[in-house]
>>> print(open('final-v6.tsv').read())   # TSV, N, CA and C atoms
chain	number	residue	atom	x	y	z
A	1	MET	N	-2.07	-0.39	46.02
A	1	MET	CA	-3.38	-0.94	45.84
A	1	MET	C	-3.54	-1.37	44.38
A	2	GLU	N	-4.12	-2.49	44.18
A	2	GLU	CA	-4.30	-3.06	42.84
A	2	GLU	C	-5.36	-2.27	42.07
A	3	GLU	N	-5.09	-2.10	40.79
A	3	GLU	CA	-6.05	-1.41	39.92
A	3	GLU	C	-7.24	-2.32	39.65
A	4	SER	N	-8.43	-1.73	39.59
A	4	SER	CA	-9.62	-2.51	39.27
A	4	SER	C	-9.65	-2.79	37.77
A	5	GLN	N	-10.53	-3.70	37.38
A	5	GLN	CA	-10.68	-4.02	35.96
A	5	GLN	C	-11.10	-2.79	35.17
A	6	ARG	N	-11.96	-1.98	35.74
A	6	ARG	CA	-12.43	-0.76	35.07
A	6	ARG	C	-11.27	0.21	34.84
A	7	GLN	N	-10.44	0.39	35.86
A	7	GLN	CA	-9.28	1.28	35.73
A	7	GLN	C	-8.34	0.78	34.64
A	8	LYS	N	-8.09	-0.51	34.62
A	8	LYS	CA	-7.20	-1.09	33.61
A	8	LYS	C	-7.78	-0.92	32.21
A	9	LYS	N	-9.08	-1.14	32.07
A	9	LYS	CA	-9.72	-1.02	30.76
A	9	LYS	C	-9.66	0.42	30.26
A	10	ILE	N	-9.98	1.37	31.12
A	10	ILE	CA	-9.92	2.78	30.74
A	10	ILE	C	-8.49	3.18	30.40
A	11	GLY	N	-7.53	2.71	31.20
A	11	GLY	CA	-6.13	3.00	30.94
A	11	GLY	C	-5.67	2.49	29.59
A	12	SER	N	-6.10	1.29	29.23
A	12	SER	CA	-5.68	0.74	27.93
A	12	SER	C	-6.35	1.46	26.76
A	13	VAL	N	-7.60	1.87	26.93
A	13	VAL	CA	-8.29	2.64	25.88
A	13	VAL	C	-7.60	3.98	25.68
A	14	LEU	N	-7.29	4.66	26.78
A	14	LEU	CA	-6.61	5.95	26.70
A	14	LEU	C	-5.22	5.79	26.10
A	15	GLN	N	-4.51	4.74	26.49
A	15	GLN	CA	-3.16	4.52	25.99
A	15	GLN	C	-3.16	4.33	24.47
A	16	ARG	N	-4.06	3.50	23.98
A	16	ARG	CA	-4.12	3.24	22.53
A	16	ARG	C	-4.40	4.52	21.75
A	17	ASP	N	-5.37	5.30	22.20
A	17	ASP	CA	-5.73	6.52	21.48
A	17	ASP	C	-4.68	7.62	21.64
A	18	LEU	N	-4.05	7.71	22.80
A	18	LEU	CA	-3.02	8.72	23.01
A	18	LEU	C	-1.81	8.49	22.11
A	19	VAL	N	-1.45	7.22	21.88
A	19	VAL	CA	-0.33	6.92	20.98
A	19	VAL	C	-0.61	7.50	19.60
A	20	GLU	N	-1.81	7.26	19.09
A	20	GLU	CA	-2.18	7.77	17.77
A	20	GLU	C	-2.17	9.29	17.73
A	21	ILE	N	-2.73	9.92	18.74
A	21	ILE	CA	-2.81	11.39	18.78
A	21	ILE	C	-1.40	12.00	18.84
A	22	LEU	N	-0.55	11.49	19.72
A	22	LEU	CA	0.79	12.06	19.90
A	22	LEU	C	1.68	11.81	18.69
A	23	GLN	N	1.59	10.62	18.09
A	23	GLN	CA	2.40	10.33	16.91
A	23	GLN	C	1.97	11.23	15.75
A	24	LYS	N	0.67	11.41	15.58
A	24	LYS	CA	0.16	12.28	14.52
A	24	LYS	C	0.61	13.72	14.74
A	25	ALA	N	0.52	14.20	15.98
A	25	ALA	CA	0.92	15.57	16.28
A	25	ALA	C	2.42	15.76	16.05
A	26	ALA	N	3.22	14.77	16.39
A	26	ALA	CA	4.67	14.88	16.21
A	26	ALA	C	5.03	14.92	14.73
A	27	SER	N	4.37	14.08	13.93
A	27	SER	CA	4.70	14.07	12.49
A	27	SER	C	4.20	15.33	11.80
A	28	GLU	N	3.03	15.82	12.17
A	28	GLU	CA	2.50	17.05	11.57
A	28	GLU	C	3.26	18.28	12.05
A	29	GLY	N	3.81	18.21	13.25
A	29	GLY	CA	4.55	19.33	13.81
A	29	GLY	C	5.99	19.43	13.33
A	30	GLY	N	6.36	18.58	12.41
A	30	GLY	CA	7.72	18.64	11.87
A	30	GLY	C	8.76	17.98	12.74
A	31	MET	N	8.34	17.13	13.65
A	31	MET	CA	9.28	16.45	14.55
A	31	MET	C	9.69	15.11	13.94
A	32	ARG	N	10.40	15.16	12.84
A	32	ARG	CA	10.87	13.94	12.18
A	32	ARG	C	11.97	13.30	13.02
A	33	GLY	N	11.97	11.99	13.08
A	33	GLY	CA	13.01	11.29	13.82
A	33	GLY	C	12.75	11.22	15.31
A	34	VAL	N	11.57	11.65	15.76
A	34	VAL	CA	11.22	11.59	17.17
A	34	VAL	C	10.16	10.51	17.35
A	35	LEU	N	10.40	9.62	18.30
A	35	LEU	CA	9.46	8.54	18.58
A	35	LEU	C	8.87	8.78	19.97
A	36	ILE	N	7.56	8.88	20.01
A	36	ILE	CA	6.85	9.06	21.28
A	36	ILE	C	5.98	7.83	21.49
A	37	SER	N	6.17	7.15	22.61
A	37	SER	CA	5.30	6.03	22.92
A	37	SER	C	4.75	6.21	24.33
A	38	VAL	N	3.56	5.71	24.53
A	38	VAL	CA	2.90	5.79	25.83
A	38	VAL	C	3.16	4.45	26.51
A	39	SER	N	4.02	4.46	27.52
A	39	SER	CA	4.40	3.20	28.15
A	39	SER	C	3.37	2.71	29.16
A	40	LYS	N	2.67	3.64	29.81
A	40	LYS	CA	1.66	3.24	30.80
A	40	LYS	C	0.70	4.38	31.06
A	41	VAL	N	-0.54	4.03	31.33
A	41	VAL	CA	-1.54	5.01	31.77
A	41	VAL	C	-2.17	4.45	33.03
A	42	LYS	N	-2.04	5.20	34.12
A	42	LYS	CA	-2.64	4.81	35.39
A	42	LYS	C	-3.80	5.75	35.69
A	43	VAL	N	-4.95	5.18	35.94
A	43	VAL	CA	-6.15	5.96	36.23
A	43	VAL	C	-6.45	5.84	37.72
A	44	THR	N	-6.81	6.96	38.35
A	44	THR	CA	-7.12	6.94	39.78
A	44	THR	C	-8.43	6.18	40.02
A	45	VAL	N	-8.67	5.85	41.28
A	45	VAL	CA	-9.85	5.07	41.66
A	45	VAL	C	-11.14	5.77	41.27
A	46	ASP	N	-11.19	7.09	41.44
A	46	ASP	CA	-12.42	7.83	41.10
A	46	ASP	C	-12.49	8.19	39.62
A	47	LEU	N	-11.52	7.73	38.82
A	47	LEU	CA	-11.48	7.92	37.37
A	47	LEU	C	-11.40	9.39	36.96
A	48	SER	N	-10.90	10.25	37.84
A	48	SER	CA	-10.84	11.67	37.53
A	48	SER	C	-9.48	12.11	36.98
A	49	VAL	N	-8.43	11.34	37.25
A	49	VAL	CA	-7.09	11.71	36.81
A	49	VAL	C	-6.43	10.50	36.15
A	50	ALA	N	-5.78	10.75	35.01
A	50	ALA	CA	-5.01	9.71	34.33
A	50	ALA	C	-3.56	10.17	34.25
A	51	LYS	N	-2.66	9.40	34.84
A	51	LYS	CA	-1.23	9.69	34.77
A	51	LYS	C	-0.67	8.95	33.56
A	52	VAL	N	-0.13	9.73	32.62
A	52	VAL	CA	0.36	9.18	31.36
A	52	VAL	C	1.89	9.21	31.39
A	53	TYR	N	2.50	8.04	31.22
A	53	TYR	CA	3.96	7.92	31.22
A	53	TYR	C	4.43	7.74	29.78
A	54	LEU	N	5.30	8.66	29.35
A	54	LEU	CA	5.76	8.70	27.97
A	54	LEU	C	7.22	8.30	27.87
A	55	SER	N	7.53	7.49	26.86
A	55	SER	CA	8.92	7.20	26.49
A	55	SER	C	9.20	7.98	25.22
A	56	ILE	N	10.22	8.83	25.27
A	56	ILE	CA	10.53	9.69	24.13
A	56	ILE	C	11.95	9.39	23.66
A	57	PHE	N	12.08	9.15	22.35
A	57	PHE	CA	13.39	8.90	21.76
A	57	PHE	C	13.60	9.86	20.61
A	58	PRO	N	14.68	10.57	20.50
A	58	PRO	CA	15.87	10.54	21.35
A	58	PRO	C	15.61	11.24	22.68
A	59	ASN	N	16.29	10.76	23.68
A	59	ASN	CA	16.06	11.22	25.05
A	59	ASN	C	16.44	12.69	25.26
A	60	ALA	N	17.31	13.24	24.42
A	60	ALA	CA	17.74	14.63	24.56
A	60	ALA	C	16.57	15.59	24.37
A	61	LYS	N	15.56	15.20	23.62
A	61	LYS	CA	14.42	16.07	23.37
A	61	LYS	C	13.26	15.82	24.32
A	62	ALA	N	13.43	14.94	25.28
A	62	ALA	CA	12.33	14.54	26.16
A	62	ALA	C	11.78	15.71	26.97
A	63	LYS	N	12.64	16.50	27.60
A	63	LYS	CA	12.18	17.61	28.44
A	63	LYS	C	11.43	18.65	27.60
A	64	GLU	N	12.01	18.97	26.46
A	64	GLU	CA	11.40	19.97	25.57
A	64	GLU	C	10.02	19.50	25.08
A	65	LEU	N	9.92	18.24	24.68
A	65	LEU	CA	8.64	17.71	24.20
A	65	LEU	C	7.62	17.62	25.32
A	66	LEU	N	8.08	17.26	26.52
A	66	LEU	CA	7.15	17.15	27.65
A	66	LEU	C	6.53	18.50	27.97
A	67	VAL	N	7.31	19.57	27.89
A	67	VAL	CA	6.78	20.92	28.12
A	67	VAL	C	5.70	21.23	27.07
A	68	GLY	N	5.99	20.91	25.81
A	68	GLY	CA	5.03	21.15	24.74
A	68	GLY	C	3.77	20.32	24.90
A	69	ILE	N	3.92	19.07	25.29
A	69	ILE	CA	2.75	18.20	25.48
A	69	ILE	C	1.90	18.69	26.64
A	70	ARG	N	2.56	19.08	27.73
A	70	ARG	CA	1.81	19.59	28.88
A	70	ARG	C	1.07	20.88	28.55
A	71	SER	N	1.68	21.75	27.74
A	71	SER	CA	1.00	23.01	27.39
A	71	SER	C	-0.18	22.76	26.45
A	72	ASN	N	-0.12	21.67	25.69
A	72	ASN	CA	-1.23	21.33	24.79
A	72	ASN	C	-2.17	20.28	25.37
A	73	ALA	N	-2.09	20.04	26.67
A	73	ALA	CA	-2.92	19.03	27.32
A	73	ALA	C	-4.42	19.24	27.10
A	74	PRO	N	-4.93	20.49	27.14
A	74	PRO	CA	-6.37	20.65	26.88
A	74	PRO	C	-6.78	20.21	25.47
A	75	LEU	N	-5.94	20.50	24.47
A	75	LEU	CA	-6.24	20.07	23.10
A	75	LEU	C	-6.17	18.55	22.97
A	76	ILE	N	-5.19	17.95	23.62
A	76	ILE	CA	-5.06	16.49	23.60
A	76	ILE	C	-6.25	15.85	24.28
A	77	LYS	N	-6.66	16.43	25.40
A	77	LYS	CA	-7.82	15.90	26.14
A	77	LYS	C	-9.08	15.99	25.28
A	78	HIS	N	-9.24	17.09	24.56
A	78	HIS	CA	-10.42	17.26	23.71
A	78	HIS	C	-10.43	16.22	22.58
A	79	GLU	N	-9.29	16.04	21.92
A	79	GLU	CA	-9.19	15.05	20.85
A	79	GLU	C	-9.46	13.65	21.38
A	80	LEU	N	-8.93	13.36	22.55
A	80	LEU	CA	-9.14	12.06	23.18
A	80	LEU	C	-10.61	11.85	23.55
A	81	ALA	N	-11.25	12.91	24.03
A	81	ALA	CA	-12.67	12.83	24.38
A	81	ALA	C	-13.52	12.55	23.14
A	82	GLN	N	-13.16	13.14	22.00
A	82	GLN	CA	-13.88	12.89	20.76
A	82	GLN	C	-13.76	11.43	20.34
A	83	ARG	N	-12.58	10.87	20.52
A	83	ARG	CA	-12.35	9.48	20.11
A	83	ARG	C	-13.02	8.47	21.02
A	84	THR	N	-13.16	8.80	22.31
A	84	THR	CA	-13.69	7.85	23.29
A	84	THR	C	-15.09	8.22	23.78
A	85	ARG	N	-15.78	9.06	23.05
A	85	ARG	CA	-17.08	9.55	23.54
A	85	ARG	C	-18.11	8.45	23.72
A	86	HIS	N	-17.98	7.33	23.01
A	86	HIS	CA	-18.94	6.24	23.17
A	86	HIS	C	-18.51	5.24	24.24
A	87	GLN	N	-17.32	5.42	24.78
A	87	GLN	CA	-16.81	4.50	25.79
A	87	GLN	C	-16.73	5.12	27.18
A	88	LEU	N	-16.53	6.44	27.24
A	88	LEU	CA	-16.39	7.12	28.53
A	88	LEU	C	-17.38	8.28	28.63
A	89	ARG	N	-17.98	8.41	29.80
A	89	ARG	CA	-18.87	9.56	30.02
A	89	ARG	C	-18.06	10.82	30.27
A	90	ARG	N	-17.06	10.70	31.14
A	90	ARG	CA	-16.23	11.86	31.47
A	90	ARG	C	-14.78	11.52	31.20
A	91	MET	N	-14.09	12.50	30.64
A	91	MET	CA	-12.68	12.32	30.34
A	91	MET	C	-11.86	12.71	31.56
A	92	PRO	N	-10.97	11.84	32.02
A	92	PRO	CA	-10.12	12.19	33.17
A	92	PRO	C	-9.13	13.30	32.82
A	93	GLN	N	-8.71	14.02	33.83
A	93	GLN	CA	-7.67	15.03	33.68
A	93	GLN	C	-6.37	14.30	33.35
A	94	LEU	N	-5.63	14.80	32.36
A	94	LEU	CA	-4.40	14.14	31.94
A	94	LEU	C	-3.17	14.79	32.58
A	95	GLU	N	-2.31	13.97	33.16
A	95	GLU	CA	-1.04	14.42	33.71
A	95	GLU	C	0.06	13.63	33.00
A	96	PHE	N	1.03	14.34	32.42
A	96	PHE	CA	2.07	13.70	31.63
A	96	PHE	C	3.40	13.65	32.38
A	97	PHE	N	4.08	12.51	32.28
A	97	PHE	CA	5.38	12.30	32.91
A	97	PHE	C	6.29	11.57	31.93
A	98	VAL	N	7.60	11.78	32.06
A	98	VAL	CA	8.56	11.03	31.25
A	98	VAL	C	8.87	9.73	31.98
A	99	ASP	N	8.76	8.62	31.27
A	99	ASP	CA	9.08	7.31	31.83
A	99	ASP	C	10.57	7.08	31.65
A	100	ASP	N	11.32	7.11	32.75
A	100	ASP	CA	12.77	6.96	32.68
A	100	ASP	C	13.23	5.57	33.08
A	101	SER	N	12.35	4.61	33.09
A	101	SER	CA	12.72	3.27	33.54
A	101	SER	C	13.74	2.61	32.62
A	102	LEU	N	13.67	2.87	31.30
A	102	LEU	CA	14.64	2.28	30.38
A	102	LEU	C	16.04	2.83	30.63
A	103	GLU	N	16.14	4.12	30.93
A	103	GLU	CA	17.44	4.71	31.26
A	103	GLU	C	17.99	4.12	32.55
A	104	TYR	N	17.12	3.91	33.50
A	104	TYR	CA	17.52	3.35	34.78
A	104	TYR	C	18.07	1.93	34.60
A	105	ILE	N	17.38	1.12	33.80
A	105	ILE	CA	17.82	-0.24	33.52
A	105	ILE	C	19.15	-0.22	32.77
A	106	ASP	N	19.27	0.69	31.82
A	106	ASP	CA	20.51	0.82	31.06
A	106	ASP	C	21.68	1.19	31.98
A	107	GLY	N	21.44	2.08	32.92
A	107	GLY	CA	22.46	2.46	33.89
A	107	GLY	C	22.91	1.29	34.75
A	108	ILE	N	21.95	0.45	35.14
A	108	ILE	CA	22.29	-0.73	35.93
A	108	ILE	C	23.14	-1.70	35.10
A	109	GLU	N	22.73	-1.91	33.85
A	109	GLU	CA	23.48	-2.82	32.99
A	109	GLU	C	24.91	-2.32	32.76
A	110	LYS	N	25.07	-1.02	32.54
A	110	LYS	CA	26.41	-0.46	32.35
A	110	LYS	C	27.24	-0.62	33.62
A	111	SER	N	26.59	-0.41	34.76
A	111	SER	CA	27.31	-0.55	36.03
A	111	SER	C	27.73	-1.99	36.28
A	112	LEU	N	26.88	-2.93	35.89
A	112	LEU	CA	27.21	-4.34	36.10
A	112	LEU	C	28.35	-4.80	35.19
A	113	LYS	N	28.53	-4.15	34.07
A	113	LYS	CA	29.60	-4.52	33.14
A	113	LYS	C	30.96	-4.00	33.60
A	114	ARG	N	30.98	-3.07	34.53
A	114	ARG	CA	32.23	-2.55	35.07
A	114	ARG	C	32.89	-3.58	35.97
A	115	THR	N	34.13	-3.30	36.33
A	115	THR	CA	34.83	-4.22	37.22
A	115	THR	C	34.36	-4.06	38.67
A	116	GLU	N	33.89	-2.88	39.00
A	116	GLU	CA	33.37	-2.66	40.35
A	116	GLU	C	31.93	-3.12	40.40
A	117	ASN	N	31.54	-3.74	41.48
A	117	ASN	CA	30.20	-4.30	41.62
A	117	ASN	C	29.29	-3.32	42.35
A	118	PRO	N	28.22	-2.81	41.69
A	118	PRO	CA	27.33	-1.86	42.36
A	118	PRO	C	26.48	-2.49	43.46
A	119	ILE	N	26.37	-3.81	43.44
A	119	ILE	CA	25.61	-4.47	44.51
A	119	ILE	C	26.40	-4.40	45.81
A	120	LYS	N	27.72	-4.57	45.71
A	120	LYS	CA	28.56	-4.48	46.90
A	120	LYS	C	28.82	-3.03	47.30
A	121	ASN	N	28.81	-2.12	46.32
A	121	ASN	CA	29.04	-0.71	46.58
A	121	ASN	C	27.89	0.09	45.95
A	122	PRO	N	26.77	0.29	46.67
A	122	PRO	CA	25.60	0.96	46.08
A	122	PRO	C	25.82	2.43	45.73
A	123	ASP	N	26.91	3.03	46.18
A	123	ASP	CA	27.19	4.42	45.84
A	123	ASP	C	27.51	4.60	44.36
A	124	LEU	N	27.79	3.52	43.66
A	124	LEU	CA	28.10	3.60	42.24
A	124	LEU	C	26.87	3.94	41.39
A	125	LEU	N	25.71	3.56	41.86
A	125	LEU	CA	24.47	3.83	41.12
A	125	LEU	C	23.88	5.17	41.53
A	126	ASP	N	23.33	5.89	40.56
A	126	ASP	CA	22.62	7.13	40.88
A	126	ASP	C	21.31	6.78	41.56
A	127	ASN	N	20.88	7.63	42.46
A	127	ASN	CA	19.57	7.42	43.06
A	127	ASN	C	18.50	7.68	42.03
A	128	ARG	N	17.53	6.82	41.94
A	128	ARG	CA	16.47	6.96	40.96
A	128	ARG	C	15.52	8.05	41.40
A	129	LYS	N	15.15	8.89	40.42
A	129	LYS	CA	14.22	9.97	40.71
A	129	LYS	C	12.82	9.41	40.86
A	130	LYS	N	12.12	9.83	41.87
A	130	LYS	CA	10.72	9.42	42.07
A	130	LYS	C	9.84	10.47	41.41
A	131	SER	N	8.86	10.00	40.63
A	131	SER	CA	7.93	10.95	39.99
A	131	SER	C	6.52	10.62	40.33
>>> encode(input="final-v6.tsv", output="structure tokens")
Amino acid sequence: MEESQRQKKIGSVLQRDLVEILQKAASEGGMRGVLISVSKVKVTVDLSVAKVYLSIFPNAKAKELLVGIRSNAPLIKHELAQRTRHQLRRMPQLEFFVDDSLEYIDGIEKSLKRTENPIKNPDLLDNRKKS
């Protein structure tokens, strides 16, 4: 189902502010050399839940950072609510996920560069995880 204009607008507002909050927290937390970007924010129809997809570089620290971000979700939600208090009445519940689409694309590109064709033999590609 297509997102409404309101959902898209709220998603973009949350995305912009979340990038600032997470980058600030990473730099203050001593996480030098770690890049956190918010690739997409999807808001449900009733505006009660926002699914936040994060791209984390280097990828080796993604799981560890995701655990930390999820444990600090109430603090992040509070900071986000302070920043958007004039734009939103209620702050949606935040759910964080790692966006692995870049890894998936990279895997396809590497597979295509091989001599074996993954299109003819789909067993060469890993099944993509659904989140």
>>> residues_around(input="final-v6.tsv", residues="region 14-30 of chain A", least_positions_apart="3", cutoff="8 Å", atoms="all atoms listed in the file", output="PDB file with N, CA and C atoms, keeping the file's coordinate frame")
ATOM      1  N   LYS A   8      -8.090  -0.510  34.620  1.00  0.00           N
ATOM      2  CA  LYS A   8      -7.200  -1.090  33.610  1.00  0.00           C
ATOM      3  C   LYS A   8      -7.780  -0.920  32.210  1.00  0.00           C
ATOM      4  N   LYS A   9      -9.080  -1.140  32.070  1.00  0.00           N
ATOM      5  CA  LYS A   9      -9.720  -1.020  30.760  1.00  0.00           C
ATOM      6  C   LYS A   9      -9.660   0.420  30.260  1.00  0.00           C
ATOM      7  N   ILE A  10      -9.980   1.370  31.120  1.00  0.00           N
ATOM      8  CA  ILE A  10      -9.920   2.780  30.740  1.00  0.00           C
ATOM      9  C   ILE A  10      -8.490   3.180  30.400  1.00  0.00           C
ATOM     10  N   GLY A  11      -7.530   2.710  31.200  1.00  0.00           N
ATOM     11  CA  GLY A  11      -6.130   3.000  30.940  1.00  0.00           C
ATOM     12  C   GLY A  11      -5.670   2.490  29.590  1.00  0.00           C
ATOM     13  N   GLY A  33      11.970  11.990  13.080  1.00  0.00           N
ATOM     14  CA  GLY A  33      13.010  11.290  13.820  1.00  0.00           C
ATOM     15  C   GLY A  33      12.750  11.220  15.310  1.00  0.00           C
ATOM     16  N   VAL A  34      11.570  11.650  15.760  1.00  0.00           N
ATOM     17  CA  VAL A  34      11.220  11.590  17.170  1.00  0.00           C
ATOM     18  C   VAL A  34      10.160  10.510  17.350  1.00  0.00           C
ATOM     19  N   LEU A  35      10.400   9.620  18.300  1.00  0.00           N
ATOM     20  CA  LEU A  35       9.460   8.540  18.580  1.00  0.00           C
ATOM     21  C   LEU A  35       8.870   8.780  19.970  1.00  0.00           C
ATOM     22  N   ILE A  36       7.560   8.880  20.010  1.00  0.00           N
ATOM     23  CA  ILE A  36       6.850   9.060  21.280  1.00  0.00           C
ATOM     24  C   ILE A  36       5.980   7.830  21.490  1.00  0.00           C
ATOM     25  N   SER A  37       6.170   7.150  22.610  1.00  0.00           N
ATOM     26  CA  SER A  37       5.300   6.030  22.920  1.00  0.00           C
ATOM     27  C   SER A  37       4.750   6.210  24.330  1.00  0.00           C
ATOM     28  N   VAL A  38       3.560   5.710  24.530  1.00  0.00           N
ATOM     29  CA  VAL A  38       2.900   5.790  25.830  1.00  0.00           C
ATOM     30  C   VAL A  38       3.160   4.450  26.510  1.00  0.00           C
ATOM     31  N   SER A  39       4.020   4.460  27.520  1.00  0.00           N
ATOM     32  CA  SER A  39       4.400   3.200  28.150  1.00  0.00           C
ATOM     33  C   SER A  39       3.370   2.710  29.160  1.00  0.00           C
ATOM     34  N   LYS A  40       2.670   3.640  29.810  1.00  0.00           N
ATOM     35  CA  LYS A  40       1.660   3.240  30.800  1.00  0.00           C
ATOM     36  C   LYS A  40       0.700   4.380  31.060  1.00  0.00           C
ATOM     37  N   VAL A  41      -0.540   4.030  31.330  1.00  0.00           N
ATOM     38  CA  VAL A  41      -1.540   5.010  31.770  1.00  0.00           C
ATOM     39  C   VAL A  41      -2.170   4.450  33.030  1.00  0.00           C
ATOM     40  N   VAL A  52      -0.130   9.730  32.620  1.00  0.00           N
ATOM     41  CA  VAL A  52       0.360   9.180  31.360  1.00  0.00           C
ATOM     42  C   VAL A  52       1.890   9.210  31.390  1.00  0.00           C
ATOM     43  N   ILE A  76      -5.190  17.950  23.620  1.00  0.00           N
ATOM     44  CA  ILE A  76      -5.060  16.490  23.600  1.00  0.00           C
ATOM     45  C   ILE A  76      -6.250  15.850  24.280  1.00  0.00           C
ATOM     46  N   GLU A  79      -9.290  16.040  21.920  1.00  0.00           N
ATOM     47  CA  GLU A  79      -9.190  15.050  20.850  1.00  0.00           C
ATOM     48  C   GLU A  79      -9.460  13.650  21.380  1.00  0.00           C
ATOM     49  N   LEU A  80      -8.930  13.360  22.550  1.00  0.00           N
ATOM     50  CA  LEU A  80      -9.140  12.060  23.180  1.00  0.00           C
ATOM     51  C   LEU A  80     -10.610  11.850  23.550  1.00  0.00           C
ATOM     52  N   ARG A  83     -12.580  10.870  20.520  1.00  0.00           N
ATOM     53  CA  ARG A  83     -12.350   9.480  20.110  1.00  0.00           C
ATOM     54  C   ARG A  83     -13.020   8.470  21.020  1.00  0.00           C
ATOM     55  N   THR A  84     -13.160   8.800  22.310  1.00  0.00           N
ATOM     56  CA  THR A  84     -13.690   7.850  23.290  1.00  0.00           C
ATOM     57  C   THR A  84     -15.090   8.220  23.780  1.00  0.00           C
TER      58      THR A  84
END
>>> select_by_dssp(input="final-v6.tsv", residues="chain A", states="strand (DSSP E)", output="short mmCIF file (atom, residue, chain, number, x, y, z; two decimals) with N, CA and C atoms, keeping the file's coordinate frame")
data_model
loop_
_atom_site.label_atom_id
_atom_site.label_comp_id
_atom_site.auth_asym_id
_atom_site.auth_seq_id
_atom_site.Cartn_x
_atom_site.Cartn_y
_atom_site.Cartn_z
N LEU A 35 10.40 9.62 18.30
CA LEU A 35 9.46 8.54 18.58
C LEU A 35 8.87 8.78 19.97
N ILE A 36 7.56 8.88 20.01
CA ILE A 36 6.85 9.06 21.28
C ILE A 36 5.98 7.83 21.49
N SER A 37 6.17 7.15 22.61
CA SER A 37 5.30 6.03 22.92
C SER A 37 4.75 6.21 24.33
N VAL A 38 3.56 5.71 24.53
CA VAL A 38 2.90 5.79 25.83
C VAL A 38 3.16 4.45 26.51
N SER A 39 4.02 4.46 27.52
CA SER A 39 4.40 3.20 28.15
C SER A 39 3.37 2.71 29.16
N LYS A 40 2.67 3.64 29.81
CA LYS A 40 1.66 3.24 30.80
C LYS A 40 0.70 4.38 31.06
N VAL A 41 -0.54 4.03 31.33
CA VAL A 41 -1.54 5.01 31.77
C VAL A 41 -2.17 4.45 33.03
N LYS A 42 -2.04 5.20 34.12
CA LYS A 42 -2.64 4.81 35.39
C LYS A 42 -3.80 5.75 35.69
N VAL A 43 -4.95 5.18 35.94
CA VAL A 43 -6.15 5.96 36.23
C VAL A 43 -6.45 5.84 37.72
N VAL A 49 -8.43 11.34 37.25
CA VAL A 49 -7.09 11.71 36.81
C VAL A 49 -6.43 10.50 36.15
N ALA A 50 -5.78 10.75 35.01
CA ALA A 50 -5.01 9.71 34.33
C ALA A 50 -3.56 10.17 34.25
N LYS A 51 -2.66 9.40 34.84
CA LYS A 51 -1.23 9.69 34.77
C LYS A 51 -0.67 8.95 33.56
N VAL A 52 -0.13 9.73 32.62
CA VAL A 52 0.36 9.18 31.36
C VAL A 52 1.89 9.21 31.39
N TYR A 53 2.50 8.04 31.22
CA TYR A 53 3.96 7.92 31.22
C TYR A 53 4.43 7.74 29.78
N LEU A 54 5.30 8.66 29.35
CA LEU A 54 5.76 8.70 27.97
C LEU A 54 7.22 8.30 27.87
N SER A 55 7.53 7.49 26.86
CA SER A 55 8.92 7.20 26.49
C SER A 55 9.20 7.98 25.22
N ILE A 56 10.22 8.83 25.27
CA ILE A 56 10.53 9.69 24.13
C ILE A 56 11.95 9.39 23.66
N PHE A 57 12.08 9.15 22.35
CA PHE A 57 13.39 8.90 21.76
C PHE A 57 13.60 9.86 20.61
N GLN A 93 -8.71 14.02 33.83
CA GLN A 93 -7.67 15.03 33.68
C GLN A 93 -6.37 14.30 33.35
N LEU A 94 -5.63 14.80 32.36
CA LEU A 94 -4.40 14.14 31.94
C LEU A 94 -3.17 14.79 32.58
N GLU A 95 -2.31 13.97 33.16
CA GLU A 95 -1.04 14.42 33.71
C GLU A 95 0.06 13.63 33.00
N PHE A 96 1.03 14.34 32.42
CA PHE A 96 2.07 13.70 31.63
C PHE A 96 3.40 13.65 32.38
N PHE A 97 4.08 12.51 32.28
CA PHE A 97 5.38 12.30 32.91
C PHE A 97 6.29 11.57 31.93
N VAL A 98 7.60 11.78 32.06
CA VAL A 98 8.56 11.03 31.25
C VAL A 98 8.87 9.73 31.98
#
>>> atom_distance(input="final-v6.tsv", atom1="CA of Arg70 (chain A)", atom2="CA of Thr44 (chain A)")
18.9 Å
>>> closest_residue(input="final-v6.tsv", among="A:Ser48, A:Leu66, A:Lys77, A:Asn59", to="Gln93 (chain A)", atoms="all atoms listed in the file")
A:Ser48
>>> atom_distance(input="final-v6.tsv", atom1="atom C of Leu75 (chain A)", atom2="CA of Arg32 (chain A)")
20.7 Å
>>> atom_distance(input="final-v6.tsv", atom1="atom N of Glu95 (chain A)", atom2="atom C of Val49 (chain A)")
6.2 Å
>>> axis_aligned_box(input="final-v6.tsv", around="region 55-66 of chain A", padding_each_side="6 Å", output="AutoDock Vina command-line options")
--center_x 12.1 --center_y 13.6 --center_z 24.5 --size_x 23.2 --size_y 24.8 --size_z 19.9
>>> residues_around(input="final-v6.tsv", residues="region 98-103 of chain A", least_positions_apart="2", cutoff="7 Å", atoms="only C-alpha atoms", output="PyMOL selection string")
chain A and resi 53-55+105-107
>>> residues_around(input="final-v6.tsv", residues="Ala81 (chain A)", least_positions_apart="6", cutoff="8 Å", atoms="only N, CA and C atoms", output="list in words")
Leu75, Leu88, Arg90, Met91 and Pro92 of chain A
>>> closest_residue(input="final-v6.tsv", among="A:Lys51, A:Lys110, A:Lys61, A:Lys42", to="Gln7 (chain A)", atoms="only C-alpha atoms")
A:Lys42
>>> decode(input="final-v6.tsv", residues="region 24-36 of chain A", atoms="C-alpha atoms", output="short mmCIF file (atom, residue, chain, number, x, y, z; two decimals), in the first residue's frame")
data_model
loop_
_atom_site.label_atom_id
_atom_site.label_comp_id
_atom_site.auth_asym_id
_atom_site.auth_seq_id
_atom_site.Cartn_x
_atom_site.Cartn_y
_atom_site.Cartn_z
CA LYS A 24 25.96 13.21 17.88
CA ALA A 25 25.54 10.21 20.20
CA ALA A 26 28.14 8.21 18.27
CA SER A 27 30.73 10.99 18.37
CA GLU A 28 30.13 11.76 22.05
CA GLY A 29 30.18 8.05 22.89
CA GLY A 30 33.70 7.65 21.59
CA MET A 31 32.68 5.79 18.44
CA ARG A 32 35.24 7.41 16.14
CA GLY A 33 35.32 6.07 12.61
CA VAL A 34 31.72 4.83 12.75
CA LEU A 35 29.21 6.23 10.29
CA ILE A 36 25.52 5.86 11.06
#
